[in-house]
Amino acid sequence: MIWIARVGVALAGLFSLAMGLLFWADPARAGSALGLAGIDALGENSLRADLAAFFLVNFTACALALFRGQAHWLYGSALVFGLAVFGRFIGIIVDGPPPGIAQPVIIELVLIGLLLLGARQPGQRGPSG
């Protein structure tokens, strides 16, 4: 079970790394994948800064859990994705469900599950000890 949890955390981390790097490299393309657009240069800069930070913090938490044996970081990462899901449900209640809302909610819920599974593994230790 520990290996399943570690693979899940690694997948969550790689997803977050890819999204973070994509927001740094091409915020317009990354934003478009999530239904976001920068309306001017400041908007593009905000996508690059804020969304990359969102995903790269989650990548960092996964890396600390996997390579330093500090699984408690995964609770914070799960919280971040949980707050994203909560925000989506607020949007559904206030504005109604937009087309395609199921996919990001499912992805975020799966990520939360993987992160919590990884955080709850006893005796998780990385290569450093």
# chains A, B, ... in the order shown; residues from 1 in each chain; ligands from 1
>>> residues_around(residues="range 13-20 of chain A", least_positions_apart="4", cutoff="7 Å", atoms="only C-alpha atoms", output="PyMOL selection string")
chain A and resi 9+24+51-53+55-56+58-59+62-63
>>> select_by_dssp(residues="range 41-127 of chain A", states="helix (DSSP H, G or I)", output="ChimeraX atom specification")
/A:41-68,73-95,102-119
>>> atom_distance(atom1="CA of Gly8 in chain A", atom2="CA of Leu79 in chain A")
16.5 Å
>>> residues_around(residues="Val105 in chain A", least_positions_apart="2", cutoff="12 Å", atoms="only C-alpha atoms", output="PyMOL selection string")
chain A and resi 34+81-89+91-92+97-98+100-103+107-112
>>> write_last_selection(atoms="N, CA and C atoms", output="PDB file, in the first residue's frame")
ATOM      1  N   LEU A  34      -7.510  25.988 -18.651  1.00  0.00           N
ATOM      2  CA  LEU A  34      -8.344  26.064 -17.448  1.00  0.00           C
ATOM      3  C   LEU A  34      -9.492  27.057 -17.587  1.00  0.00           C
ATOM      4  N   PHE A  81      -5.909  22.121  -2.836  1.00  0.00           N
ATOM      5  CA  PHE A  81      -6.826  21.583  -3.847  1.00  0.00           C
ATOM      6  C   PHE A  81      -8.257  21.524  -3.303  1.00  0.00           C
ATOM      7  N   GLY A  82      -8.408  21.249  -2.014  1.00  0.00           N
ATOM      8  CA  GLY A  82      -9.737  21.237  -1.412  1.00  0.00           C
ATOM      9  C   GLY A  82     -10.394  22.609  -1.462  1.00  0.00           C
ATOM     10  N   LEU A  83      -9.611  23.643  -1.207  1.00  0.00           N
ATOM     11  CA  LEU A  83     -10.152  25.000  -1.305  1.00  0.00           C
ATOM     12  C   LEU A  83     -10.520  25.348  -2.746  1.00  0.00           C
ATOM     13  N   ALA A  84      -9.771  24.825  -3.695  1.00  0.00           N
ATOM     14  CA  ALA A  84     -10.122  25.026  -5.105  1.00  0.00           C
ATOM     15  C   ALA A  84     -11.468  24.380  -5.418  1.00  0.00           C
ATOM     16  N   VAL A  85     -11.679  23.161  -4.927  1.00  0.00           N
ATOM     17  CA  VAL A  85     -12.964  22.483  -5.142  1.00  0.00           C
ATOM     18  C   VAL A  85     -14.091  23.267  -4.460  1.00  0.00           C
ATOM     19  N   PHE A  86     -13.831  23.731  -3.258  1.00  0.00           N
ATOM     20  CA  PHE A  86     -14.830  24.528  -2.538  1.00  0.00           C
ATOM     21  C   PHE A  86     -15.198  25.773  -3.347  1.00  0.00           C
ATOM     22  N   GLY A  87     -14.194  26.441  -3.897  1.00  0.00           N
ATOM     23  CA  GLY A  87     -14.451  27.609  -4.736  1.00  0.00           C
ATOM     24  C   GLY A  87     -15.263  27.256  -5.969  1.00  0.00           C
ATOM     25  N   ARG A  88     -15.012  26.097  -6.541  1.00  0.00           N
ATOM     26  CA  ARG A  88     -15.800  25.658  -7.704  1.00  0.00           C
ATOM     27  C   ARG A  88     -17.263  25.454  -7.316  1.00  0.00           C
ATOM     28  N   PHE A  89     -17.498  24.867  -6.142  1.00  0.00           N
ATOM     29  CA  PHE A  89     -18.880  24.666  -5.711  1.00  0.00           C
ATOM     30  C   PHE A  89     -19.578  25.989  -5.401  1.00  0.00           C
ATOM     31  N   GLY A  91     -18.967  28.712  -7.047  1.00  0.00           N
ATOM     32  CA  GLY A  91     -19.297  29.176  -8.391  1.00  0.00           C
ATOM     33  C   GLY A  91     -20.513  28.477  -8.967  1.00  0.00           C
ATOM     34  N   ILE A  92     -20.640  27.186  -8.728  1.00  0.00           N
ATOM     35  CA  ILE A  92     -21.795  26.432  -9.218  1.00  0.00           C
ATOM     36  C   ILE A  92     -23.073  26.941  -8.559  1.00  0.00           C
ATOM     37  N   PRO A  97     -23.775  25.697 -12.996  1.00  0.00           N
ATOM     38  CA  PRO A  97     -22.633  24.895 -13.457  1.00  0.00           C
ATOM     39  C   PRO A  97     -22.223  25.262 -14.885  1.00  0.00           C
ATOM     40  N   PRO A  98     -20.975  25.661 -15.074  1.00  0.00           N
ATOM     41  CA  PRO A  98     -20.518  25.947 -16.439  1.00  0.00           C
ATOM     42  C   PRO A  98     -20.244  24.653 -17.197  1.00  0.00           C
ATOM     43  N   GLY A 100     -18.373  21.737 -18.798  1.00  0.00           N
ATOM     44  CA  GLY A 100     -17.064  21.153 -18.554  1.00  0.00           C
ATOM     45  C   GLY A 100     -16.591  21.195 -17.111  1.00  0.00           C
ATOM     46  N   ILE A 101     -17.446  21.572 -16.172  1.00  0.00           N
ATOM     47  CA  ILE A 101     -17.025  21.709 -14.770  1.00  0.00           C
ATOM     48  C   ILE A 101     -16.668  20.367 -14.130  1.00  0.00           C
ATOM     49  N   ALA A 102     -17.263  19.293 -14.618  1.00  0.00           N
ATOM     50  CA  ALA A 102     -17.022  17.986 -13.987  1.00  0.00           C
ATOM     51  C   ALA A 102     -15.549  17.583 -14.059  1.00  0.00           C
ATOM     52  N   GLN A 103     -14.888  17.811 -15.195  1.00  0.00           N
ATOM     53  CA  GLN A 103     -13.505  17.361 -15.352  1.00  0.00           C
ATOM     54  C   GLN A 103     -12.563  17.970 -14.317  1.00  0.00           C
ATOM     55  N   ILE A 107     -10.658  15.831 -11.304  1.00  0.00           N
ATOM     56  CA  ILE A 107      -9.190  15.835 -11.209  1.00  0.00           C
ATOM     57  C   ILE A 107      -8.759  16.298  -9.824  1.00  0.00           C
ATOM     58  N   GLU A 108      -9.349  17.378  -9.337  1.00  0.00           N
ATOM     59  CA  GLU A 108      -8.968  17.902  -8.023  1.00  0.00           C
ATOM     60  C   GLU A 108      -9.330  16.928  -6.904  1.00  0.00           C
ATOM     61  N   LEU A 109     -10.473  16.276  -6.998  1.00  0.00           N
ATOM     62  CA  LEU A 109     -10.852  15.302  -5.970  1.00  0.00           C
ATOM     63  C   LEU A 109      -9.919  14.098  -5.981  1.00  0.00           C
ATOM     64  N   VAL A 110      -9.509  13.646  -7.165  1.00  0.00           N
ATOM     65  CA  VAL A 110      -8.554  12.540  -7.259  1.00  0.00           C
ATOM     66  C   VAL A 110      -7.211  12.957  -6.654  1.00  0.00           C
ATOM     67  N   LEU A 111      -6.758  14.168  -6.965  1.00  0.00           N
ATOM     68  CA  LEU A 111      -5.505  14.658  -6.388  1.00  0.00           C
ATOM     69  C   LEU A 111      -5.590  14.707  -4.862  1.00  0.00           C
ATOM     70  N   ILE A 112      -6.704  15.189  -4.341  1.00  0.00           N
ATOM     71  CA  ILE A 112      -6.891  15.234  -2.880  1.00  0.00           C
ATOM     72  C   ILE A 112      -6.792  13.828  -2.302  1.00  0.00           C
TER      73      ILE A 112
END
>>> atom_distance(atom1="CA of Ala30 in chain A", atom2="CA of Thr60 in chain A")
19.5 Å
>>> closest_residue(among="A:Pro99, A:Gly113, A:Gly76, A:Pro104", to="Phe54 in chain A", atoms="only C-alpha atoms")
A:Gly76
>>> closest_residue(among="A:Leu36, A:Ala10, A:Ala41, A:Ala49", to="Leu114 in chain A", atoms="only C-alpha atoms")
A:Ala10
>>> atom_distance(atom1="CA of Ala119 in chain A", atom2="CA of Leu11 in chain A")
14.2 Å
